[in-house]
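*Asks:* Handing over input34.txt, compact mmCIF, C-alpha atoms and all ligand atoms.
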```txt
# COMPACT_ATOMS: atom_id res chain seq x y z
CA MET A 1 -3.91 -17.45 -25.08
CA LYS A 2 -2.31 -15.67 -22.16
CA LYS A 3 -4.51 -13.59 -19.89
CA VAL A 4 -3.75 -9.88 -20.15
CA ALA A 5 -3.64 -7.70 -17.04
CA LEU A 6 -3.30 -3.94 -16.72
CA ILE A 7 -1.98 -2.59 -13.41
CA SER A 8 -2.21 1.11 -12.59
CA GLY A 9 0.25 2.02 -9.81
CA ILE A 10 2.67 -0.70 -10.94
CA THR A 11 5.67 1.25 -9.60
CA GLY A 12 4.26 1.20 -6.04
CA GLN A 13 4.63 -1.43 -3.32
CA ASP A 14 1.57 -3.48 -4.28
CA GLY A 15 2.07 -3.01 -8.02
CA ALA A 16 5.49 -4.63 -7.77
CA TYR A 17 4.26 -7.66 -5.81
CA LEU A 18 1.18 -8.07 -7.99
CA ALA A 19 3.15 -7.84 -11.26
CA GLU A 20 5.48 -10.55 -10.00
CA LEU A 21 2.56 -12.75 -8.96
CA LEU A 22 0.71 -12.38 -12.29
CA LEU A 23 3.86 -13.06 -14.32
CA SER A 24 4.42 -16.21 -12.27
CA LYS A 25 0.87 -17.26 -13.21
CA GLY A 26 1.60 -16.84 -16.92
CA TYR A 27 -0.12 -13.48 -17.51
CA GLN A 28 0.98 -10.82 -19.94
CA VAL A 29 1.36 -7.82 -17.63
CA HIS A 30 1.01 -4.18 -18.62
CA GLY A 31 1.63 -1.35 -16.19
CA ILE A 32 0.98 2.37 -16.17
CA LYS A 33 3.89 4.44 -14.97
CA ARG A 34 4.10 8.19 -14.51
CA ARG A 35 6.67 10.33 -16.24
CA SER A 36 9.10 11.48 -13.57
CA SER A 37 12.31 13.51 -13.68
CA SER A 38 14.06 10.77 -11.70
CA PHE A 39 13.81 6.98 -11.96
CA ASN A 40 10.63 5.65 -10.34
CA THR A 41 10.80 2.00 -11.38
CA ALA A 42 13.23 0.64 -8.76
CA ARG A 43 10.63 -1.81 -7.39
CA ILE A 44 9.99 -3.42 -10.80
CA ASP A 45 13.32 -3.10 -12.60
CA HIS A 46 14.02 -6.80 -11.99
CA LEU A 47 10.89 -7.69 -14.02
CA TYR A 48 11.75 -5.55 -17.02
CA ARG A 49 12.95 -7.25 -20.23
CA ASP A 50 14.40 -5.61 -23.32
CA LEU A 51 11.50 -5.39 -25.76
CA HIS A 52 13.76 -6.74 -28.53
CA GLU A 53 13.97 -10.09 -26.73
CA LYS A 54 11.54 -12.89 -27.62
CA ASN A 55 8.45 -13.74 -25.55
CA VAL A 56 8.39 -10.53 -23.51
CA ASP A 57 5.39 -10.48 -21.15
CA PHE A 58 5.99 -7.26 -19.28
CA PHE A 59 5.22 -3.82 -20.71
CA LEU A 60 5.14 -0.32 -19.28
CA HIS A 61 3.08 2.57 -20.64
CA TYR A 62 3.35 6.21 -19.69
CA GLY A 63 0.12 7.45 -18.16
CA ASP A 64 -1.66 9.18 -15.36
CA LEU A 65 -5.01 8.68 -13.66
CA THR A 66 -5.77 12.37 -14.15
CA ASP A 67 -5.65 11.99 -17.97
CA SER A 68 -8.76 10.34 -19.46
CA THR A 69 -7.69 10.24 -23.09
CA ASN A 70 -4.44 8.58 -22.14
CA LEU A 71 -6.29 5.93 -20.11
CA ILE A 72 -8.77 5.26 -22.90
CA ARG A 73 -5.92 4.83 -25.39
CA ILE A 74 -4.03 2.41 -23.14
CA VAL A 75 -7.11 0.29 -22.40
CA GLN A 76 -8.02 0.28 -26.10
CA GLU A 77 -4.55 -0.84 -27.10
CA ILE A 78 -4.24 -3.56 -24.47
CA GLN A 79 -7.84 -4.88 -24.30
CA PRO A 80 -7.14 -6.25 -20.81
CA ASP A 81 -8.93 -9.22 -19.27
CA GLU A 82 -8.27 -7.75 -15.82
CA ILE A 83 -7.56 -4.23 -14.59
CA TYR A 84 -6.09 -3.71 -11.13
CA ASN A 85 -6.53 -0.06 -10.16
CA LEU A 86 -3.79 0.42 -7.58
CA ALA A 87 -2.70 3.93 -8.56
CA ALA A 88 -3.37 6.58 -5.95
CA GLN A 89 -1.96 9.43 -3.94
CA SER A 90 -1.88 6.95 -1.09
CA HIS A 91 -0.48 8.95 1.84
CA VAL A 92 -3.18 9.92 4.34
CA LYS A 93 -1.26 12.83 5.93
CA VAL A 94 -0.25 14.21 2.52
CA SER A 95 -3.91 14.15 1.44
CA PHE A 96 -4.65 16.92 3.96
CA GLU A 97 -2.09 19.06 2.13
CA THR A 98 -3.14 18.07 -1.42
CA PRO A 99 -6.87 17.34 -1.05
CA GLU A 100 -7.91 18.41 -4.54
CA TYR A 101 -5.19 16.44 -6.30
CA THR A 102 -5.94 13.43 -4.10
CA ALA A 103 -9.63 13.59 -5.06
CA ASN A 104 -8.72 13.95 -8.72
CA ALA A 105 -6.36 10.96 -8.81
CA ASP A 106 -8.02 8.64 -6.27
CA ALA A 107 -11.73 9.33 -6.85
CA LEU A 108 -12.05 10.64 -10.42
CA GLY A 109 -9.12 8.50 -11.56
CA THR A 110 -11.16 5.41 -10.71
CA LEU A 111 -14.14 6.80 -12.60
CA ARG A 112 -11.92 7.52 -15.64
CA LEU A 113 -10.72 3.91 -15.79
CA LEU A 114 -14.24 2.54 -15.39
CA GLU A 115 -15.45 4.91 -18.09
CA ALA A 116 -12.66 3.73 -20.39
CA VAL A 117 -13.93 0.16 -19.99
CA ARG A 118 -17.53 1.24 -20.63
CA ILE A 119 -16.85 3.58 -23.57
CA LEU A 120 -14.73 0.93 -25.29
CA GLY A 121 -17.50 -1.66 -24.95
CA LEU A 122 -15.40 -3.90 -22.69
CA THR A 123 -17.91 -4.28 -19.83
CA GLY A 124 -18.45 -7.94 -20.70
CA LYS A 125 -14.74 -8.72 -21.02
CA THR A 126 -12.67 -6.68 -18.59
CA LYS A 127 -12.76 -7.42 -14.85
CA PHE A 128 -11.97 -4.47 -12.58
CA TYR A 129 -10.29 -4.54 -9.16
CA GLN A 130 -10.45 -1.38 -7.03
CA ALA A 131 -7.87 -0.84 -4.27
CA SER A 132 -10.25 0.10 -1.47
CA THR A 133 -9.03 0.61 2.04
CA SER A 134 -9.69 0.16 5.75
CA GLU A 135 -9.39 3.97 5.95
CA LEU A 136 -13.04 3.97 4.78
CA TYR A 137 -13.98 2.88 8.32
CA GLY A 138 -12.10 5.85 9.83
CA GLN A 139 -13.97 6.64 13.02
CA VAL A 140 -14.90 3.03 13.56
CA GLN A 141 -18.56 2.19 14.07
CA GLU A 142 -18.05 -1.43 15.17
CA ILE A 143 -15.27 -3.82 16.12
CA PRO A 144 -14.02 -5.73 14.22
CA GLN A 145 -14.80 -4.18 10.83
CA ASN A 146 -16.34 -6.35 8.10
CA GLU A 147 -17.98 -5.78 4.69
CA LYS A 148 -21.20 -4.56 6.36
CA THR A 149 -19.62 -2.09 8.81
CA PRO A 150 -20.70 1.51 8.02
CA PHE A 151 -18.01 3.82 6.60
CA TYR A 152 -16.90 7.07 8.29
CA PRO A 153 -13.88 8.42 6.38
CA ARG A 154 -11.57 10.79 8.26
CA SER A 155 -9.25 12.29 5.60
CA PRO A 156 -9.41 13.69 2.06
CA TYR A 157 -7.73 10.42 1.02
CA ALA A 158 -10.43 8.29 2.63
CA VAL A 159 -13.25 10.47 1.27
CA ALA A 160 -11.78 10.14 -2.25
CA LYS A 161 -11.51 6.37 -1.76
CA LEU A 162 -15.15 6.32 -0.60
CA TYR A 163 -16.18 7.73 -3.99
CA ALA A 164 -13.99 5.15 -5.73
CA TYR A 165 -15.57 2.36 -3.68
CA TRP A 166 -19.13 3.38 -4.56
CA ILE A 167 -18.49 4.17 -8.21
CA THR A 168 -17.11 0.65 -8.58
CA VAL A 169 -20.25 -0.78 -6.96
CA ASN A 170 -22.38 1.51 -9.12
CA TYR A 171 -20.76 0.43 -12.41
CA ARG A 172 -21.26 -3.18 -11.35
CA GLU A 173 -24.97 -2.59 -10.74
CA ALA A 174 -25.60 -0.17 -13.63
CA TYR A 175 -23.49 -1.69 -16.41
CA ASN A 176 -22.83 -5.25 -15.22
CA ILE A 177 -19.08 -4.64 -15.05
CA PHE A 178 -17.25 -7.34 -13.10
CA GLY A 179 -16.10 -4.68 -10.62
CA CYS A 180 -14.84 -5.61 -7.15
CA ASN A 181 -13.52 -3.78 -4.10
CA GLY A 182 -10.77 -5.28 -1.99
CA ILE A 183 -11.07 -3.44 1.34
CA LEU A 184 -7.49 -4.00 2.35
CA PHE A 185 -6.18 -3.22 5.80
CA ASN A 186 -2.61 -1.91 6.15
CA HIS A 187 -0.04 -4.13 4.48
CA GLU A 188 3.67 -3.57 4.54
CA SER A 189 6.92 -5.09 3.29
CA PRO A 190 10.54 -4.17 2.60
CA LEU A 191 9.14 -2.37 -0.49
CA ARG A 192 6.89 -0.11 1.59
CA GLY A 193 7.29 3.64 0.91
CA GLU A 194 9.76 5.21 3.34
CA THR A 195 7.29 7.74 4.80
CA PHE A 196 4.69 5.23 5.99
CA VAL A 197 5.13 4.58 9.69
CA THR A 198 6.33 0.94 9.56
CA ARG A 199 9.07 1.53 7.02
CA LYS A 200 10.01 4.83 8.63
CA ILE A 201 10.55 2.89 11.87
CA THR A 202 12.47 -0.07 10.40
CA ARG A 203 14.79 2.22 8.39
CA ALA A 204 15.44 4.39 11.44
CA VAL A 205 16.08 1.40 13.70
CA ALA A 206 18.65 0.04 11.24
CA ARG A 207 20.34 3.44 10.94
CA ILE A 208 20.35 3.92 14.73
CA LYS A 209 21.87 0.45 15.18
CA PHE A 210 24.70 1.40 12.80
CA GLY A 211 25.18 4.83 14.46
CA LEU A 212 23.98 6.80 11.40
CA GLN A 213 21.03 8.39 13.23
CA GLN A 214 20.46 9.41 16.86
CA LYS A 215 16.71 9.04 17.24
CA ILE A 216 13.38 8.83 15.43
CA TYR A 217 10.55 11.37 15.68
CA LEU A 218 7.04 9.97 15.37
CA GLY A 219 3.45 11.22 15.71
CA ASN A 220 0.63 9.26 17.35
CA LEU A 221 2.16 6.24 19.10
CA ASN A 222 -1.26 5.04 20.27
CA ALA A 223 -2.76 4.47 16.80
CA LYS A 224 -3.60 0.80 16.27
CA ARG A 225 -3.51 -0.97 12.94
CA ASP A 226 -4.18 -4.43 11.54
CA TRP A 227 -0.87 -4.96 9.72
CA GLY A 228 -0.20 -7.74 7.19
CA HIS A 229 2.39 -8.51 4.50
CA ALA A 230 1.84 -7.07 0.99
CA ALA A 231 2.79 -10.35 -0.73
CA ASP A 232 -0.14 -12.10 0.99
CA TYR A 233 -2.52 -9.28 0.10
CA VAL A 234 -1.84 -9.20 -3.66
CA GLU A 235 -2.74 -12.89 -3.72
CA ALA A 236 -6.15 -11.87 -2.37
CA MET A 237 -6.53 -9.23 -5.11
CA TRP A 238 -6.05 -11.89 -7.75
CA LEU A 239 -8.42 -14.35 -6.04
CA ILE A 240 -11.13 -11.66 -5.87
CA LEU A 241 -11.13 -11.40 -9.68
CA GLN A 242 -11.17 -15.21 -10.17
CA GLN A 243 -14.57 -15.71 -8.47
CA GLU A 244 -17.74 -16.49 -10.36
CA LYS A 245 -19.50 -13.33 -9.23
CA PRO A 246 -18.08 -9.87 -8.54
CA ASP A 247 -18.13 -8.89 -4.87
CA ASP A 248 -16.36 -6.84 -2.17
CA TYR A 249 -14.06 -8.36 0.43
CA VAL A 250 -12.26 -7.30 3.62
CA ILE A 251 -8.63 -8.45 3.59
CA ALA A 252 -6.98 -8.31 7.02
CA THR A 253 -5.18 -10.42 9.61
CA GLY A 254 -7.71 -10.09 12.44
CA GLU A 255 -5.04 -8.80 14.85
CA THR A 256 -4.25 -5.23 15.84
CA PHE A 257 -1.12 -3.60 17.28
CA SER A 258 -0.14 -0.04 18.21
CA VAL A 259 2.60 2.03 16.62
CA ARG A 260 4.34 1.76 20.01
CA ASP A 261 4.19 -2.07 19.77
CA PHE A 262 5.77 -1.87 16.31
CA VAL A 263 8.58 0.37 17.57
CA GLU A 264 9.32 -1.91 20.53
CA LEU A 265 9.41 -5.05 18.42
CA ALA A 266 11.54 -3.42 15.71
CA PHE A 267 14.17 -2.35 18.25
CA SER A 268 14.08 -5.75 19.95
CA GLU A 269 14.98 -7.35 16.60
CA VAL A 270 18.35 -5.55 16.82
CA ASP A 271 18.75 -6.31 20.54
CA ILE A 272 17.77 -2.87 21.80
CA ARG A 273 15.21 -2.84 24.60
CA ILE A 274 12.98 0.22 24.84
CA ASP A 275 11.67 1.73 28.08
CA TRP A 276 8.76 4.20 27.69
CA GLN A 277 8.91 7.31 29.88
CA GLY A 278 6.63 10.36 30.15
CA GLU A 279 3.20 10.91 28.63
CA GLY A 280 1.64 12.58 25.61
CA LEU A 281 3.99 14.99 23.85
CA GLU A 282 6.62 14.26 26.50
CA GLU A 283 6.62 10.51 25.89
CA LYS A 284 10.04 9.11 25.03
CA GLY A 285 11.44 5.74 24.12
CA VAL A 286 14.68 5.22 26.02
CA ASP A 287 17.35 2.55 25.50
CA LYS A 288 17.12 0.44 28.70
CA ASP A 289 20.86 -0.27 28.67
CA THR A 290 22.37 3.11 27.72
CA GLY A 291 19.63 5.54 28.83
CA LYS A 292 19.75 7.29 25.41
CA VAL A 293 16.51 8.70 24.02
CA LEU A 294 15.83 6.85 20.77
CA VAL A 295 12.16 7.75 20.15
CA ALA A 296 10.50 11.16 20.58
CA VAL A 297 7.07 12.55 19.70
CA ASP A 298 6.81 15.35 17.13
CA PRO A 299 3.31 16.84 16.76
CA ASN A 300 4.11 17.72 13.13
CA TYR A 301 3.31 14.08 12.38
CA PHE A 302 -0.16 14.29 13.96
CA ARG A 303 -3.08 14.39 11.52
CA PRO A 304 -5.89 16.98 11.61
CA ALA A 305 -8.29 14.03 12.07
CA GLU A 306 -6.88 10.65 13.10
CA VAL A 307 -7.95 7.06 12.60
CA ASN A 308 -7.18 5.64 16.02
CA PHE A 309 -8.13 2.00 15.74
CA LEU A 310 -8.55 -0.55 12.97
CA LEU A 311 -9.16 -4.28 13.23
CA GLY A 312 -10.43 -6.25 10.25
CA ASP A 313 -12.60 -9.35 10.14
CA PRO A 314 -11.43 -11.41 7.14
CA ALA A 315 -14.04 -14.18 7.66
CA LYS A 316 -15.71 -13.68 4.25
CA ALA A 317 -12.36 -13.84 2.43
CA LYS A 318 -11.47 -16.98 4.38
CA ASN A 319 -14.78 -18.70 3.58
CA LYS A 320 -15.25 -17.63 -0.04
CA LEU A 321 -11.73 -17.04 -1.37
CA TYR A 322 -10.04 -19.62 0.89
CA TRP A 323 -7.55 -16.84 1.59
CA LYS A 324 -5.65 -16.37 4.79
CA PRO A 325 -2.53 -14.39 5.64
CA LYS A 326 0.68 -16.41 5.94
CA VAL A 327 2.96 -13.83 7.56
CA THR A 328 2.48 -12.94 11.24
CA PHE A 329 3.03 -9.47 12.71
CA LYS A 330 6.30 -10.59 14.32
CA GLU A 331 7.57 -12.12 11.05
CA LEU A 332 6.61 -8.95 9.17
CA VAL A 333 8.62 -6.73 11.51
CA LYS A 334 11.58 -9.12 11.37
CA THR A 335 11.54 -9.25 7.55
CA MET A 336 11.43 -5.47 7.26
CA ILE A 337 14.19 -4.95 9.81
CA ASN A 338 16.45 -7.54 8.16
CA ALA A 339 15.97 -5.89 4.77
CA ASP A 340 16.75 -2.41 6.12
CA MET A 341 19.78 -3.67 8.05
CA LYS A 342 21.12 -5.11 4.78
CA GLU A 343 20.43 -1.83 2.93
CA VAL A 344 22.33 0.20 5.51
CA GLU A 345 25.22 -2.30 5.53
CA LYS A 346 25.39 -2.09 1.75
CA SER A 347 25.43 1.70 1.74
CA LEU A 348 28.19 1.72 4.36
CA LEU A 349 30.31 -0.74 2.38
CA CYS A 350 29.94 1.46 -0.71
CA GLN A 351 31.20 4.46 1.23
CA ARG A 352 34.29 2.85 2.80
CA PRO A 353 37.43 3.17 0.71
CA GLY A 354 39.26 -0.10 0.06
CA LYS A 355 36.17 -2.23 0.62
CA GLU A 356 34.71 -4.44 -2.04
CA LYS A 357 32.54 -2.29 -4.33
CA ILE A 358 28.90 -3.36 -4.50
P1 LIG B 1 2.12 3.26 -3.20
O1 LIG B 1 2.01 4.66 -2.71
O2 LIG B 1 3.34 2.46 -2.91
O3 LIG B 1 1.94 3.25 -4.80
C1 LIG B 1 1.02 4.11 -5.43
C2 LIG B 1 1.20 3.96 -6.94
O4 LIG B 1 0.28 4.86 -7.59
C3 LIG B 1 2.60 4.34 -7.44
O5 LIG B 1 2.90 3.50 -8.54
C4 LIG B 1 2.40 5.77 -7.92
O6 LIG B 1 3.34 6.17 -8.91
C5 LIG B 1 1.02 5.63 -8.54
N1 LIG B 1 0.33 6.92 -8.72
C6 LIG B 1 0.12 7.90 -7.83
N2 LIG B 1 -0.58 8.90 -8.39
C7 LIG B 1 -0.82 8.54 -9.68
C8 LIG B 1 -1.48 9.14 -10.78
N3 LIG B 1 -2.04 10.33 -10.68
N4 LIG B 1 -1.52 8.47 -11.95
C9 LIG B 1 -0.93 7.26 -12.10
N5 LIG B 1 -0.28 6.64 -11.09
C10 LIG B 1 -0.23 7.27 -9.89
O7 LIG B 1 0.81 2.51 -2.68
P2 LIG B 1 0.62 0.96 -2.30
O8 LIG B 1 1.27 0.12 -3.31
O9 LIG B 1 0.93 0.78 -0.86
O10 LIG B 1 -0.97 0.82 -2.42
C11 LIG B 1 -1.59 0.47 -3.64
C12 LIG B 1 -3.03 0.95 -3.62
O11 LIG B 1 -3.73 0.33 -2.55
C13 LIG B 1 -3.21 2.45 -3.41
O12 LIG B 1 -4.34 2.84 -4.16
C14 LIG B 1 -3.50 2.59 -1.94
O13 LIG B 1 -4.27 3.75 -1.69
C15 LIG B 1 -4.28 1.32 -1.68
N6 LIG B 1 -4.19 0.74 -0.36
C16 LIG B 1 -2.97 0.49 0.21
C17 LIG B 1 -2.87 -0.12 1.42
C18 LIG B 1 -1.56 -0.40 2.06
O14 LIG B 1 -1.55 -0.67 3.28
N7 LIG B 1 -0.46 -0.40 1.34
C19 LIG B 1 -4.10 -0.55 2.15
C20 LIG B 1 -5.32 -0.29 1.43
C21 LIG B 1 -5.35 0.33 0.23
P3 LIG B 1 4.80 6.76 -8.49
O15 LIG B 1 5.64 5.54 -8.17
O16 LIG B 1 5.21 7.47 -9.71
O17 LIG B 1 4.59 7.64 -7.30
P1 LIG B 2 -2.08 4.85 7.22
O1 LIG B 2 -0.53 4.51 7.27
O2 LIG B 2 -2.37 6.26 7.50
O3 LIG B 2 -2.77 3.83 8.09
O4 LIG B 2 -2.41 4.59 5.68
P2 LIG B 2 0.70 5.25 7.96
O5 LIG B 2 1.77 4.23 8.06
O6 LIG B 2 1.01 6.53 7.28
O7 LIG B 2 0.14 5.60 9.43
C1 LIG B 2 -0.29 4.59 10.34
C2 LIG B 2 -0.53 5.21 11.71
O8 LIG B 2 0.74 5.59 12.27
C3 LIG B 2 0.61 6.88 12.83
N1 LIG B 2 1.92 7.53 12.88
C4 LIG B 2 2.66 7.93 11.82
N2 LIG B 2 2.44 7.80 10.50
C5 LIG B 2 3.40 8.26 9.65
N3 LIG B 2 3.23 8.11 8.33
N4 LIG B 2 4.54 8.87 10.10
C6 LIG B 2 4.79 9.02 11.43
O9 LIG B 2 5.81 9.56 11.83
C7 LIG B 2 3.81 8.52 12.34
N5 LIG B 2 3.73 8.47 13.70
C8 LIG B 2 2.59 7.87 14.01
C9 LIG B 2 -0.39 7.60 11.93
O10 LIG B 2 -0.92 8.75 12.58
C10 LIG B 2 -1.39 6.48 11.68
O11 LIG B 2 -2.32 6.43 12.71
C11 LIG B 2 -1.88 3.47 5.01
C12 LIG B 2 -1.73 3.86 3.52
O12 LIG B 2 -1.04 2.82 2.86
C13 LIG B 2 -3.08 4.06 2.88
O13 LIG B 2 -2.91 4.24 1.47
C14 LIG B 2 -3.94 2.81 3.13
O14 LIG B 2 -5.22 3.01 2.58
C15 LIG B 2 -4.04 2.53 4.61
O15 LIG B 2 -2.73 2.36 5.14
C16 LIG B 2 -4.84 1.27 4.89
```
Would you write the structure of this file as structure tokens?
*Replies:*
Amino acid sequence: MKKVALISGITGQDGAYLAELLLSKGYQVHGIKRRSSSFNTARIDHLYRDLHEKNVDFFLHYGDLTDSTNLIRIVQEIQPDEIYNLAAQSHVKVSFETPEYTANADALGTLRLLEAVRILGLTGKTKFYQASTSELYGQVQEIPQNEKTPFYPRSPYAVAKLYAYWITVNYREAYNIFGCNGILFNHESPLRGETFVTRKITRAVARIKFGLQQKIYLGNLNAKRDWGHAADYVEAMWLILQQEKPDDYVIATGETFSVRDFVELAFSEVDIRIDWQGEGLEEKGVDKDTGKVLVAVDPNYFRPAEVNFLLGDPAKAKNKLYWKPKVTFKELVKTMINADMKEVEKSLLCQRPGKEKI
């Protein structure tokens, strides 16, 4: 019998990598997707099979984490062995503008899924993975951050995720659910949403290189993050649910870099060297060879409360899960730049008359 997994947030970055991983391991994979007026399945279209074909192992269900009855019905129908709760309003800055919705989807959404498992009497069968986050550490209380570091969330997103973290722990203790938190530090990839800082930078660098954009506006260049590759991190999610006992794990690289470092490295991948001039709001990134301003600071991208520094300690994951990240920071930046350079090239070819149509 194939193992059955249900992934909420399957249309997102992590959902796409995780679905691919679980299919490669022989799982039957079900995903929850939201109804949208435009296509929202671009990241998983390559996994989709016509349901009339034989031996289809990939299924999508319409649903939403704000709709309990829908979640109960899906869980009842699928009877999953494993649930990966990846769905969330995941943008920290946006959560300051939509705090109530973020709490509803990210905090109560987690409760709704856990309740579905409990109400349906699946606590002994269904394992539950919660997508917890390094944002829980917020205003960091110790360096580096591990599973015992106190939390101090700094955004409506992080506060909602704090509830989700503890309700997962609570259902484990109260009802014996195999519920686990993966406290994942930032992880990126060519599939990263375009408004997160890494992808925003790599897209802009590619467009600037091809002359489609003059410069990029960013917020806090000093923020430091522990950045890994999403493909490595979904492997950790799976490992967390394969252990004998449910537990919580920090997943990180153990290295931290600033947004400025990321910008510099991204430009250097396309042979542009950046010189930093000025300070604070006046800081600019200038092309060393041409003198053109390529990076400027726009305070609109500042957050009402910022998380300035994150650095994870993945020792527990290394010792217990035998997990370690494969992709280095430099390789991550290179992979993302190469992918965005190809995207821009492709879009340019499509526009030029007389060129081969793609
Ligand atoms: P994305 O933003 O790429 O994906 C989020 C997914 O959640 C999308 O499929 C989105 O659907 C779906 N979603 C949003 N709201 C709802 C809702 N109300 N009901 C159902 N589905 C919904 O996030 P990532 O893949 O990067 O992250 C996955 C999870 O891990 C998130 O919970 C995030 O908060 C968390 N996390 C991410 C980290 C990272 O660095 N990437 C680090 C730590 C935690 P749609 O496509 O329709 O928008
Ligand atoms: P983060 O990711 O908030 O860490 O949350 P994001 O890439 O949005 O920001 C990282 C840091 O870069 C600074 N920054 C900017 N950020 C954005 N988005 N746009 C800008 O122009 C910009 N300029 C500077 C930010 O201020 C911040 O300090 C991500 C999400 O995936 C969460 O869901 C997840 O939980 C955490 O990572 C771990």
*Asks:* Would you work out the distance separating CA of Glu100 in chain A from CA of Gly179 in chain A, expressed in Å to one decimal?
*Replies:*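 Separating CA of Glu100 in chain A from CA of Gly179 in chain A is a distance of 25.2 Å.
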*Asks:* Considering only C-alpha atoms, state which residue in the set A:Met336, A:Val205, A:Ile78, A:Leu60 is at the smallest distance from Tyr217 in chain A.
*Replies:* A:Val205
*Asks:* Identify the residues within 7 Å of coordinate (-4.5, -8.6, -19.8) (same frame as the file), considering all atoms listed in the file, and give the answer as a PyMOL selection string.
*Replies:* chain A and resi 3-6+27-29+78-82
*Asks:* Return as a Markdown table the residues of range 177-286 of chain A lying at most 7 Å from range 308-327 of chain A, together with the closest atom-to-atom pair for each and the distance in Å to one decimal, counting all atoms listed in the file, with rows in chain order and ascending residue number.
*Replies:*
```
| residue | atom | partner | partner_atom | distance |
| --- | --- | --- | --- | --- |
| A:Phe185 | CA | A:Gly312 | CA | 6.9 |
| A:Ala223 | CA | A:Asn308 | CA | 4.6 |
| A:Lys224 | CA | A:Phe309 | CA | 4.7 |
| A:Arg225 | CA | A:Leu310 | CA | 5.1 |
| A:Asp226 | CA | A:Leu311 | CA | 5.3 |
| A:Gly228 | CA | A:Val327 | CA | 6.9 |
| A:His229 | CA | A:Val327 | CA | 6.2 |
| A:Asp232 | CA | A:Pro325 | CA | 5.7 |
| A:Ala236 | CA | A:Trp323 | CA | 6.5 |
| A:Leu239 | CA | A:Leu321 | CA | 6.3 |
| A:Tyr249 | CA | A:Ala317 | CA | 6.1 |
| A:Val250 | CA | A:Pro314 | CA | 5.5 |
| A:Ile251 | CA | A:Pro314 | CA | 5.4 |
| A:Ala252 | CA | A:Gly312 | CA | 5.2 |
| A:Thr253 | CA | A:Pro325 | CA | 6.2 |
| A:Gly254 | CA | A:Gly312 | CA | 5.2 |
| A:Glu255 | CA | A:Leu311 | CA | 6.3 |
| A:Thr256 | CA | A:Leu311 | CA | 5.6 |
```
*Asks:* Find, counting only C-alpha atoms, the residue in A:Lys334, A:Lys292, A:Lys33, A:His91 that gets nearest to Ala158 in chain A.
*Replies:*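 Of the candidates, the smallest distance to Ala158 in chain A is held by A:His91.
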*Asks:* Some atoms are absent from range 178-189 of chain A, so rebuild N, CA and C atoms and return them as a short mmCIF file (atom, residue, chain, number, x, y, z; two decimals), in the frame of the given file.
*Replies:*
```
data_model
loop_
_atom_site.label_atom_id
_atom_site.label_comp_id
_atom_site.auth_asym_id
_atom_site.auth_seq_id
_atom_site.Cartn_x
_atom_site.Cartn_y
_atom_site.Cartn_z
N PHE A 178 -17.76 -6.48 -14.16
CA PHE A 178 -17.25 -7.34 -13.10
C PHE A 178 -16.30 -6.47 -12.26
N GLY A 179 -16.90 -5.62 -11.42
CA GLY A 179 -16.10 -4.68 -10.62
C GLY A 179 -16.12 -5.10 -9.16
N CYS A 180 -14.95 -5.12 -8.53
CA CYS A 180 -14.84 -5.61 -7.15
C CYS A 180 -13.99 -4.65 -6.31
N ASN A 181 -14.36 -4.51 -5.04
CA ASN A 181 -13.52 -3.78 -4.10
C ASN A 181 -12.81 -4.76 -3.17
N GLY A 182 -11.50 -4.62 -3.07
CA GLY A 182 -10.77 -5.28 -1.99
C GLY A 182 -10.59 -4.22 -0.92
N ILE A 183 -11.23 -4.43 0.24
CA ILE A 183 -11.07 -3.44 1.34
C ILE A 183 -9.88 -3.92 2.16
N LEU A 184 -8.71 -3.47 1.75
CA LEU A 184 -7.49 -4.00 2.35
C LEU A 184 -7.06 -3.17 3.55
N PHE A 185 -6.76 -3.86 4.62
CA PHE A 185 -6.18 -3.22 5.80
C PHE A 185 -4.68 -3.03 5.52
N ASN A 186 -4.02 -2.27 6.41
CA ASN A 186 -2.61 -1.91 6.15
C ASN A 186 -1.77 -3.15 5.84
N HIS A 187 -0.99 -3.04 4.77
CA HIS A 187 -0.04 -4.13 4.48
C HIS A 187 1.30 -3.51 4.08
N GLU A 188 2.32 -4.15 4.55
CA GLU A 188 3.67 -3.57 4.54
C GLU A 188 4.63 -4.60 3.96
N SER A 189 5.90 -4.19 3.84
CA SER A 189 6.92 -5.09 3.29
C SER A 189 8.21 -4.29 3.20
#
```
